[in-house]
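Source file data.pdb; content: PDB, C-alpha atoms.
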```pdb
ATOM      1  CA  MET A   8       0.000   0.000   0.000
ATOM      2  CA  ASN A   9       1.647   3.237  -1.159
ATOM      3  CA  GLN A  10       1.100   6.813   0.029
ATOM      4  CA  ASP A  11      -1.376   7.645  -2.751
ATOM      5  CA  LYS A  12      -3.514   4.652  -1.841
ATOM      6  CA  VAL A  13      -3.540   5.658   1.815
ATOM      7  CA  LYS A  14      -4.654   9.200   0.972
ATOM      8  CA  GLU A  15      -7.357   7.797  -1.288
ATOM      9  CA  LYS A  16      -8.686   5.700   1.604
ATOM     10  CA  LEU A  17      -8.720   8.708   3.923
ATOM     11  CA  LEU A  18     -10.799  10.699   1.463
ATOM     12  CA  ILE A  19     -13.232   7.784   1.169
ATOM     13  CA  ILE A  20     -13.691   7.846   4.941
ATOM     14  CA  GLU A  21     -14.398  11.596   4.903
ATOM     15  CA  ASP A  22     -13.628  14.338   2.417
ATOM     16  CA  ALA A  23     -11.388  17.196   3.511
ATOM     17  CA  PRO A  24     -12.499  20.820   2.994
ATOM     18  CA  ILE A  25      -8.849  21.906   2.640
ATOM     19  CA  GLU A  26      -6.301  20.105   0.448
ATOM     20  CA  PHE A  27      -3.501  18.197   2.160
ATOM     21  CA  SER A  28      -0.580  15.982   1.216
ATOM     22  CA  LEU A  29       0.405  12.588   2.576
ATOM     23  CA  VAL A  30       3.917  11.253   2.197
ATOM     24  CA  PHE A  31       5.823   8.187   3.321
ATOM     25  CA  SER A  32       9.110   9.235   4.904
ATOM     26  CA  GLY A  33      10.797   5.981   3.948
ATOM     27  CA  LYS A  34      12.263   6.012   7.447
ATOM     28  CA  LYS A  35      11.862   4.234  10.749
ATOM     29  CA  SER A  36      11.219   6.298  13.876
ATOM     30  CA  LYS A  37      11.461   5.166  17.497
ATOM     31  CA  LYS A  38       9.484   8.183  18.704
ATOM     32  CA  VAL A  39       6.359   8.385  16.526
ATOM     33  CA  ASN A  40       4.639   6.490  13.731
ATOM     34  CA  GLY A  41       3.488   9.673  12.036
ATOM     35  CA  LEU A  42       2.938  13.396  12.400
ATOM     36  CA  TYR A  43       0.930  16.272  10.975
ATOM     37  CA  LYS A  44       2.336  19.673  10.016
ATOM     38  CA  PRO A  45      -0.511  22.223  10.087
ATOM     39  CA  GLN A  46       1.529  24.980   8.417
ATOM     40  CA  SER A  47       2.161  22.918   5.273
ATOM     41  CA  ARG A  48      -0.940  20.692   5.720
ATOM     42  CA  GLU A  49       1.254  17.642   5.393
ATOM     43  CA  ILE A  50       0.785  14.179   6.895
ATOM     44  CA  ILE A  51       4.030  12.260   7.254
ATOM     45  CA  ILE A  52       3.968   8.507   7.853
ATOM     46  CA  HIS A  53       7.120   6.687   8.928
ATOM     47  CA  ASN A  54       6.183   3.676   6.832
ATOM     48  CA  ARG A  55       9.188   1.577   7.820
ATOM     49  CA  ASN A  56       7.670   1.330  11.306
ATOM     50  CA  PHE A  57       5.056  -1.064   9.917
ATOM     51  CA  GLN A  58       5.283  -4.656   8.745
ATOM     52  CA  PRO A  59       3.936  -5.458   5.246
ATOM     53  CA  ASP A  60       1.439  -7.997   6.635
ATOM     54  CA  GLU A  61      -2.262  -7.347   7.277
ATOM     55  CA  THR A  62      -1.735  -6.375  10.927
ATOM     56  CA  GLY A  63       1.027  -3.924  10.050
ATOM     57  CA  GLN A  64      -0.970  -2.318   7.246
ATOM     58  CA  ASN A  65      -3.985  -1.961   9.529
ATOM     59  CA  LEU A  66      -1.782  -0.196  12.083
ATOM     60  CA  LEU A  67      -0.439   2.048   9.320
ATOM     61  CA  LEU A  68      -4.011   3.042   8.437
ATOM     62  CA  TYR A  69      -4.746   3.690  12.113
ATOM     63  CA  THR A  70      -1.789   6.099  12.209
ATOM     64  CA  ALA A  71      -2.890   7.785   8.981
ATOM     65  CA  ILE A  72      -6.433   8.240  10.318
ATOM     66  CA  HIS A  73      -5.018   9.718  13.526
ATOM     67  CA  GLU A  74      -2.983  12.296  11.612
ATOM     68  CA  TYR A  75      -5.892  12.951   9.245
ATOM     69  CA  ALA A  76      -8.004  13.768  12.307
ATOM     70  CA  HIS A  77      -5.487  16.506  13.113
ATOM     71  CA  HIS A  78      -5.922  17.889   9.599
ATOM     72  CA  LEU A  79      -9.714  17.883   9.831
ATOM     73  CA  HIS A  80      -9.464  19.458  13.274
ATOM     74  CA  ALA A  81      -7.280  22.199  11.793
ATOM     75  CA  CYS A  82      -9.782  22.661   8.950
ATOM     76  CA  SER A  83     -12.556  23.222  11.490
ATOM     77  CA  ARG A  84     -10.346  25.869  13.122
ATOM     78  CA  GLY A  85      -9.600  27.811   9.969
ATOM     79  CA  GLY A  86      -6.420  25.927   9.147
ATOM     80  CA  SER A  87      -4.527  26.250  12.426
ATOM     81  CA  LEU A  88      -4.174  24.236  15.625
ATOM     82  CA  SER A  89      -3.632  25.274  19.227
ATOM     83  CA  PRO A  90      -0.565  24.012  21.128
ATOM     84  CA  ARG A  91      -2.833  21.497  22.890
ATOM     85  CA  ALA A  92      -3.592  19.461  19.779
ATOM     86  CA  HIS A  93      -4.856  16.339  21.557
ATOM     87  CA  ASN A  94      -7.868  17.913  23.183
ATOM     88  CA  CYS A  95     -11.403  16.621  23.630
ATOM     89  CA  GLU A  96     -12.486  17.927  20.227
ATOM     90  CA  PHE A  97      -9.642  16.110  18.460
ATOM     91  CA  TRP A  98     -10.471  12.762  20.065
ATOM     92  CA  ALA A  99     -14.121  13.149  19.088
ATOM     93  CA  ILE A 100     -13.091  13.697  15.442
ATOM     94  CA  PHE A 101     -10.650  10.779  15.540
ATOM     95  CA  HIS A 102     -13.120   8.331  17.060
ATOM     96  CA  ALA A 103     -15.771   9.323  14.524
ATOM     97  CA  LEU A 104     -13.308   8.676  11.677
ATOM     98  CA  LEU A 105     -12.465   5.237  13.063
ATOM     99  CA  GLU A 106     -16.154   4.341  13.252
ATOM    100  CA  LYS A 107     -16.683   5.413   9.638
ATOM    101  CA  ALA A 108     -13.563   3.532   8.520
ATOM    102  CA  GLU A 109     -14.795   0.348  10.203
ATOM    103  CA  VAL A 110     -18.235   0.631   8.597
ATOM    104  CA  LYS A 111     -16.655   1.147   5.169
ATOM    105  CA  LYS A 112     -14.282  -1.831   5.742
ATOM    106  CA  ILE A 113     -11.236   0.400   5.325
ATOM    107  CA  TYR A 114      -9.958  -0.168   8.858
ATOM    108  CA  ASN A 115     -10.439  -3.426  10.761
ATOM    109  CA  ASP A 116     -11.998  -3.367  14.217
ATOM    110  CA  VAL A 117      -9.062  -4.854  16.127
ATOM    111  CA  PHE A 118     -11.028  -5.236  19.367
ATOM    112  CA  SER A 119     -13.718  -7.491  17.897
ATOM    113  CA  ALA A 120     -11.050  -9.670  16.291
ATOM    114  CA  SER A 121      -9.962 -11.015  19.681
ATOM    115  CA  PRO A 122     -12.562 -13.237  21.423
ATOM    116  CA  GLU A 123     -10.383 -13.291  24.548
ATOM    117  CA  LEU A 124     -10.286  -9.483  24.693
ATOM    118  CA  LEU A 125     -14.057  -9.256  24.117
ATOM    119  CA  LYS A 126     -14.653 -11.665  26.993
ATOM    120  CA  LEU A 127     -12.343  -9.673  29.263
ATOM    121  CA  THR A 128     -14.101  -6.450  28.237
ATOM    122  CA  GLU A 129     -17.438  -7.875  29.386
ATOM    123  CA  VAL A 130     -15.890  -8.783  32.751
ATOM    124  CA  ILE A 131     -14.453  -5.279  33.206
ATOM    125  CA  ARG A 132     -17.693  -3.591  32.203
ATOM    126  CA  GLY A 133     -20.006  -5.812  34.233
ATOM    127  CA  LYS A 134     -17.949  -6.624  37.314
ATOM    128  CA  PHE A 135     -16.111  -3.349  37.795
ATOM    129  CA  LEU A 136     -17.487  -0.376  35.820
ATOM    130  CA  LYS A 137     -21.165  -1.137  36.397
ATOM    131  CA  ASN A 138     -20.738  -2.360  39.972
ATOM    132  CA  ASN A 139     -18.550   0.606  40.884
ATOM    133  CA  GLY A 140     -21.106   2.986  39.412
ATOM    134  CA  ALA A 141     -23.907   1.258  41.307
ATOM    135  CA  LEU A 142     -21.970   1.530  44.582
ATOM    136  CA  VAL A 143     -21.336   5.260  44.149
ATOM    137  CA  LYS A 144     -25.000   5.802  43.256
ATOM    138  CA  GLU A 145     -26.083   3.815  46.333
ATOM    139  CA  MET A 146     -23.723   5.918  48.438
ATOM    140  CA  GLY A 147     -25.495   8.989  47.062
ATOM    141  CA  LYS A 148     -28.772   7.597  48.402
ATOM    142  CA  HIS A 149     -27.295   7.224  51.903
ATOM    143  CA  LEU A 150     -25.595  10.620  51.727
ATOM    144  CA  LEU A 151     -28.967  12.197  50.964
ATOM    145  CA  LYS A 152     -30.373  10.503  54.058
ATOM    146  CA  ALA A 153     -27.387  11.766  56.076
ATOM    147  CA  HIS A 154     -28.123  15.286  54.800
ATOM    148  CA  GLU A 155     -31.700  15.009  56.097
ATOM    149  CA  LEU A 156     -30.489  13.738  59.502
ATOM    150  CA  CYS A 157     -27.933  16.535  59.800
ATOM    151  CA  THR A 158     -30.658  19.084  59.119
ATOM    152  CA  SER A 159     -32.953  17.497  61.707
ATOM    153  CA  ILE A 160     -30.347  17.707  64.489
ATOM    154  CA  GLY A 161     -29.174  21.175  63.530
ATOM    155  CA  VAL A 162     -25.674  20.487  62.159
ATOM    156  CA  ARG A 163     -24.120  21.343  58.843
ATOM    157  CA  PHE A 164     -23.989  18.492  56.348
ATOM    158  CA  GLU A 165     -20.736  19.917  54.938
ATOM    159  CA  ASP A 166     -19.138  19.612  58.370
ATOM    160  CA  TYR A 167     -20.298  15.991  58.598
ATOM    161  CA  VAL A 168     -18.751  15.266  55.186
ATOM    162  CA  ASP A 169     -15.490  17.002  56.137
ATOM    163  CA  ARG A 170     -14.963  15.608  59.632
ATOM    164  CA  MET A 171     -16.869  12.328  59.797
ATOM    165  CA  LEU A 172     -16.661  10.916  56.277
ATOM    166  CA  ARG A 173     -13.465  12.750  55.349
ATOM    167  CA  ILE A 174     -14.278  12.926  51.645
ATOM    168  CA  PRO A 175     -14.335  15.939  49.298
ATOM    169  CA  ARG A 176     -17.621  17.845  49.411
ATOM    170  CA  ALA A 177     -17.790  17.882  45.623
ATOM    171  CA  ALA A 178     -17.598  14.069  45.557
ATOM    172  CA  ALA A 179     -20.424  13.796  48.079
ATOM    173  CA  ASN A 180     -22.648  16.244  46.178
ATOM    174  CA  THR A 181     -21.967  14.482  42.877
ATOM    175  CA  ALA A 182     -22.892  11.098  44.367
ATOM    176  CA  ILE A 183     -26.163  12.573  45.594
ATOM    177  CA  LYS A 184     -26.911  13.918  42.105
ATOM    178  CA  MET A 185     -26.173  10.477  40.601
ATOM    179  CA  PHE A 186     -28.914   9.072  42.839
ATOM    180  CA  GLU A 187     -31.374  11.940  42.381
ATOM    181  CA  TYR A 188     -30.944  11.946  38.588
ATOM    182  CA  ASP A 189     -31.179   8.130  38.543
ATOM    183  CA  ILE A 190     -28.143   7.820  36.279
ATOM    184  CA  ASP A 191     -27.593   4.352  34.811
ATOM    185  CA  PRO A 192     -24.533   2.654  36.418
ATOM    186  CA  GLU A 193     -23.951   0.920  33.067
ATOM    187  CA  VAL A 194     -21.814   3.875  31.989
ATOM    188  CA  GLY A 195     -19.426   3.552  34.937
ATOM    189  CA  ALA A 196     -18.692   5.895  37.847
ATOM    190  CA  ASP A 197     -16.468   8.336  35.931
ATOM    191  CA  ASN A 198     -19.052   8.902  33.209
ATOM    192  CA  MET A 199     -21.752   9.141  35.891
ATOM    193  CA  ARG A 200     -19.843  12.055  37.418
ATOM    194  CA  PHE A 201     -19.795  13.771  34.037
ATOM    195  CA  LEU A 202     -23.521  13.171  33.535
ATOM    196  CA  ALA A 203     -24.285  14.465  37.036
ATOM    197  CA  GLY A 204     -22.821  17.806  35.946
ATOM    198  CA  ILE A 205     -25.403  18.238  33.157
ATOM    199  CA  ARG A 206     -28.310  20.251  34.537
ATOM    200  CA  ASP A 207     -30.706  19.881  31.623
ATOM    201  CA  GLY A 208     -32.563  16.590  31.981
ATOM    202  CA  ASP A 209     -33.059  15.996  28.254
ATOM    203  CA  GLU A 210     -29.408  16.707  27.476
ATOM    204  CA  ARG A 211     -28.305  14.451  30.316
ATOM    205  CA  LYS A 212     -30.489  11.584  29.090
ATOM    206  CA  ALA A 213     -29.267  11.999  25.507
ATOM    207  CA  ALA A 214     -25.662  11.934  26.700
ATOM    208  CA  GLU A 215     -26.316   8.851  28.840
ATOM    209  CA  THR A 216     -27.932   7.063  25.889
ATOM    210  CA  ALA A 217     -24.988   7.904  23.623
ATOM    211  CA  LEU A 218     -22.528   6.478  26.153
ATOM    212  CA  ILE A 219     -24.527   3.273  26.543
ATOM    213  CA  ARG A 220     -24.658   2.887  22.751
ATOM    214  CA  GLY A 221     -20.863   2.955  22.576
ATOM    215  CA  LYS A 222     -19.918   6.565  21.887
ATOM    216  CA  SER A 223     -16.632   7.630  23.461
ATOM    217  CA  PRO A 224     -16.725  10.053  26.421
ATOM    218  CA  ASP A 225     -14.918  12.728  24.379
ATOM    219  CA  THR A 226     -17.478  12.441  21.590
ATOM    220  CA  VAL A 227     -20.348  12.830  24.037
ATOM    221  CA  LYS A 228     -18.693  15.768  25.809
ATOM    222  CA  ILE A 229     -18.359  17.625  22.507
ATOM    223  CA  GLN A 230     -22.010  16.904  21.721
ATOM    224  CA  VAL A 231     -23.025  18.406  25.063
ATOM    225  CA  ARG A 232     -20.558  21.269  25.384
ATOM    226  CA  GLY A 233     -19.939  22.094  21.733
ATOM    227  CA  LYS A 234     -16.536  22.911  20.319
ATOM    228  CA  GLU A 235     -13.874  24.020  22.740
ATOM    229  CA  LYS A 236     -13.183  27.710  22.538
ATOM    230  CA  GLU A 237      -9.822  28.597  21.045
ATOM    231  CA  GLU A 238      -7.986  31.516  22.592
ATOM    232  CA  ASP A 239      -7.403  34.456  20.284
ATOM    233  CA  PRO A 240      -3.910  34.104  18.679
ATOM    234  CA  LEU A 241      -3.082  37.740  19.457
ATOM    235  CA  ASN A 242      -3.902  37.223  23.145
ATOM    236  CA  MET A 243      -1.755  34.092  23.182
ATOM    237  CA  LEU A 244       1.198  36.003  21.734
ATOM    238  CA  GLU A 245       0.734  38.843  24.231
ATOM    239  CA  LYS A 246       0.737  36.377  27.134
ATOM    240  CA  GLU A 247       3.828  34.642  25.791
ATOM    241  CA  LYS A 248       5.550  38.029  25.379
ATOM    242  CA  THR A 249       4.757  38.897  29.004
ATOM    243  CA  ARG A 250       6.083  35.547  30.229
ATOM    244  CA  LEU A 251       9.297  35.942  28.243
ATOM    245  CA  GLU A 252       9.827  39.504  29.492
ATOM    246  CA  ARG A 253       9.448  38.345  33.110
ATOM    247  CA  THR A 254      11.846  35.458  32.534
ATOM    248  CA  ILE A 255      14.424  37.743  30.912
ATOM    249  CA  ALA A 256      14.116  40.266  33.748
ATOM    250  CA  ALA A 257      14.622  37.526  36.355
ATOM    251  CA  LEU A 258      17.641  36.147  34.498
ATOM    252  CA  ASN A 259      19.186  39.602  34.126
ATOM    253  CA  LYS A 260      18.723  40.217  37.850
ATOM    254  CA  ARG A 261      20.395  36.926  38.695
ATOM    255  CA  LEU A 262      23.201  37.663  36.231
ATOM    256  CA  GLU A 263      23.969  40.942  37.994
ATOM    257  CA  GLU A 264      23.975  39.140  41.362
ATOM    258  CA  VAL A 265      26.426  36.528  40.068
ATOM    259  CA  LYS A 266      28.680  39.246  38.607
ATOM    260  CA  LYS A 267      28.673  41.042  41.945
ATOM    261  CA  GLU A 268      29.545  37.848  43.863
ATOM    262  CA  LEU A 269      32.376  37.102  41.422
ATOM    263  CA  LYS A 270      33.771  40.611  41.803
ATOM    264  CA  GLU A 271      33.718  40.343  45.600
ATOM    265  CA  LYS A 272      35.618  37.031  45.532
ATOM    266  CA  THR A 273      38.366  38.170  43.140
TER     267      THR A 273
END
```

Structure re-expressed in structure tokens:
Amino acid sequence: MNQDKVKEKLLIIEDAPIEFSLVFSGKKSKKVNGLYKPQSREIIIHNRNFQPDETGQNLLLYTAIHEYAHHLHACSRGGSLSPRAHNCEFWAIFHALLEKAEVKKIYNDVFSASPELLKLTEVIRGKFLKNNGALVKEMGKHLLKAHELCTSIGVRFEDYVDRMLRIPRAAANTAIKMFEYDIDPEVGADNMRFLAGIRDGDERKAAETALIRGKSPDTVKIQVRGKEKEEDPLNMLEKEKTRLERTIAALNKRLEEVKKELKEKT
């Protein structure tokens, strides 16, 4: 599979609004399998990192899709990327591309290919994620009761949480919301915490449903929150300028101190 064929597959998965190039470096890299250069809109694949067999070529496509996600992310941002390239929005784009690639038989679902891994996944989901979520939700039920008892005897619930339970107040309040909102433990405790932070009931239910149907947490977060706001480039440069000026001033001050100490010792 050559570089032209890989680019052709990427465009089949999803068309790009801005032209890009994809090249094989012909090299082997110990650091990365590929990279994306937003300035030149160039995807570089270190093709010698991959074996010519089916597994190696599938991994090569995975890398290409990852870098292509950076390009599409840049396209959505007017052609540029922030320093934090691997943010929530990027992962949502990447996961969506992988899903499309699997449906179109361009990229093989490596997880489903391993019966042993699928079996282990069911154990982790059922025995740990679901059970852990159910325990935290049940704790929320008892915390709510504790809140009522604290009120009845005239003490602050926050003080009870701080000094008797010795857990963060935010964790206690989130557990209570998990119970009050009746969040499904199927999604796991971490996702339950995220869902507990969504005030709108319809939005919360839609997000919960998406998680249960297999959408990644990053994908769901973008659906709920929308695109992450990018800081204005001019503001970023001004902040960097201020940081550099402070660093230079501190270094100059230290330099003068060192010069003075040297002079005193000679």

Please return as an mmCIF file with C-alpha atoms, in the frame of the given file every residue within 12 Å of (-28.7, 16.8, 22.9), taking into account all atoms listed in the file and the file's own coordinates.
```
data_model
loop_
_atom_site.group_PDB
_atom_site.id
_atom_site.type_symbol
_atom_site.label_atom_id
_atom_site.label_comp_id
_atom_site.auth_asym_id
_atom_site.auth_seq_id
_atom_site.Cartn_x
_atom_site.Cartn_y
_atom_site.Cartn_z
ATOM 1 C CA ILE A 205 -25.403 18.238 33.157
ATOM 2 C CA ASP A 207 -30.706 19.881 31.623
ATOM 3 C CA GLY A 208 -32.563 16.590 31.981
ATOM 4 C CA ASP A 209 -33.059 15.996 28.254
ATOM 5 C CA GLU A 210 -29.408 16.707 27.476
ATOM 6 C CA ARG A 211 -28.305 14.451 30.316
ATOM 7 C CA LYS A 212 -30.489 11.584 29.090
ATOM 8 C CA ALA A 213 -29.267 11.999 25.507
ATOM 9 C CA ALA A 214 -25.662 11.934 26.700
ATOM 10 C CA GLU A 215 -26.316 8.851 28.840
ATOM 11 C CA THR A 216 -27.932 7.063 25.889
ATOM 12 C CA ALA A 217 -24.988 7.904 23.623
ATOM 13 C CA VAL A 227 -20.348 12.830 24.037
ATOM 14 C CA LYS A 228 -18.693 15.768 25.809
ATOM 15 C CA ILE A 229 -18.359 17.625 22.507
ATOM 16 C CA GLN A 230 -22.010 16.904 21.721
ATOM 17 C CA VAL A 231 -23.025 18.406 25.063
ATOM 18 C CA ARG A 232 -20.558 21.269 25.384
ATOM 19 C CA GLY A 233 -19.939 22.094 21.733
#
```

Quiz item: Evaluating the PyMOL selection byres ((chain A and resi 92) around 12) on the displayed file yields which residues, as a list in words?
Solution: Leu42, Tyr43, Lys44, Pro45, His73, Glu74, Ala76, His77, His78, Leu79, His80, Ala81, Arg84, Ser87, Leu88, Ser89, Pro90, Arg91, His93, Asn94, Cys95, Glu96, Phe97, Trp98, Ile100, Phe101, Glu235 and Glu237 of chain A

Only C-alpha atoms, please: the residues just picked out, written as a tab-separated table (two decimals), in the frame of the given file.
```
chain	number	residue	atom	x	y	z
A	42	LEU	CA	2.94	13.40	12.40
A	43	TYR	CA	0.93	16.27	10.98
A	44	LYS	CA	2.34	19.67	10.02
A	45	PRO	CA	-0.51	22.22	10.09
A	73	HIS	CA	-5.02	9.72	13.53
A	74	GLU	CA	-2.98	12.30	11.61
A	76	ALA	CA	-8.00	13.77	12.31
A	77	HIS	CA	-5.49	16.51	13.11
A	78	HIS	CA	-5.92	17.89	9.60
A	79	LEU	CA	-9.71	17.88	9.83
A	80	HIS	CA	-9.46	19.46	13.27
A	81	ALA	CA	-7.28	22.20	11.79
A	84	ARG	CA	-10.35	25.87	13.12
A	87	SER	CA	-4.53	26.25	12.43
A	88	LEU	CA	-4.17	24.24	15.62
A	89	SER	CA	-3.63	25.27	19.23
A	90	PRO	CA	-0.56	24.01	21.13
A	91	ARG	CA	-2.83	21.50	22.89
A	93	HIS	CA	-4.86	16.34	21.56
A	94	ASN	CA	-7.87	17.91	23.18
A	95	CYS	CA	-11.40	16.62	23.63
A	96	GLU	CA	-12.49	17.93	20.23
A	97	PHE	CA	-9.64	16.11	18.46
A	98	TRP	CA	-10.47	12.76	20.07
A	100	ILE	CA	-13.09	13.70	15.44
A	101	PHE	CA	-10.65	10.78	15.54
A	235	GLU	CA	-13.87	24.02	22.74
A	237	GLU	CA	-9.82	28.60	21.04
```

Practice problem: Could you give me, as a PyMOL selection string, the residues within 9 Å of segment 149-157 of chain A, counting all atoms listed in the file and dropping anything in the same chain fewer than 3 positions from it? | Solution: chain A and resi 145-146+160-165+167-168+179-180+182-183+186-187

Just the selected residues (C-alpha atoms), exported as a compact mmCIF listing (two decimals), in the coordinates of the input, please.
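Below is the file that was written, again-v6.txt:
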```txt
# COMPACT_ATOMS: atom_id res chain seq x y z
CA GLU A 145 -26.08 3.82 46.33
CA MET A 146 -23.72 5.92 48.44
CA ILE A 160 -30.35 17.71 64.49
CA GLY A 161 -29.17 21.18 63.53
CA VAL A 162 -25.67 20.49 62.16
CA ARG A 163 -24.12 21.34 58.84
CA PHE A 164 -23.99 18.49 56.35
CA GLU A 165 -20.74 19.92 54.94
CA TYR A 167 -20.30 15.99 58.60
CA VAL A 168 -18.75 15.27 55.19
CA ALA A 179 -20.42 13.80 48.08
CA ASN A 180 -22.65 16.24 46.18
CA ALA A 182 -22.89 11.10 44.37
CA ILE A 183 -26.16 12.57 45.59
CA PHE A 186 -28.91 9.07 42.84
CA GLU A 187 -31.37 11.94 42.38
```

Under the rule of at most 7 Å, produce a per-residue listing of segment 48-87 of chain A near segment 22-27 of chain A: chain, number, name, the closest pair of atoms, and the distance in Å, as CSV, using all atoms listed in the file.
```
residue,atom,partner,partner_atom,distance
A:Arg48,CA,A:Phe27,CA,5.0
A:Glu49,CA,A:Phe27,CA,5.8
A:Leu79,CA,A:Ala23,CA,6.6
A:Cys82,CA,A:Ile25,CA,6.4
```

Exercise. Pick out the residues sitting within 7 Å of Asn54 of chain A, and hand them over as a PyMOL selection string; count all atoms listed in the file, and ignore anything fewer than 2 positions along from it in its own chain.
Key: chain A and resi 31-35+52+56-57

Quiz item: In Å to one decimal, how far is atom CA of Met171 of chain A from atom CA of Val143 of chain A?
Solution: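 We find that atom CA of Val143 of chain A and atom CA of Met171 of chain A lie 17.7 Å from each other.
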
Quiz item: From the list A:Arg206, A:Lys16, A:His53, A:Lys272, which residue is nearest Val30 of chain A when using all atoms listed in the file?
Solution: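 Under the stated criterion, the closest residue is A:His53.
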
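With atom CA of Lys184 of chain A on one side and atom CA of Lys148 of chain A on the other, the separation reads 9.1 Å.
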
Exercise. Select all residues near (-11.7, 12.8, 39.2) (cut-off 12 Å, inclusive, file coordinates), counting all atoms listed in the file, and output them as a PyMOL selection string.
Key: chain A and resi 175+177-178+181+196-201

Practice problem: Can you give me, as a PyMOL selection string, the residues this file yields under the PyMOL selection byres ((chain A and resi 105) around 10)? | Solution: chain A and resi 20+68-69+72-73+76+100-104+106-111+113-116

Quiz item: Do you have the atom CA of Leu67 of chain A-atom CA of Leu127 of chain A distance handy?
Solution: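 A separation of 26.0 Å between them.
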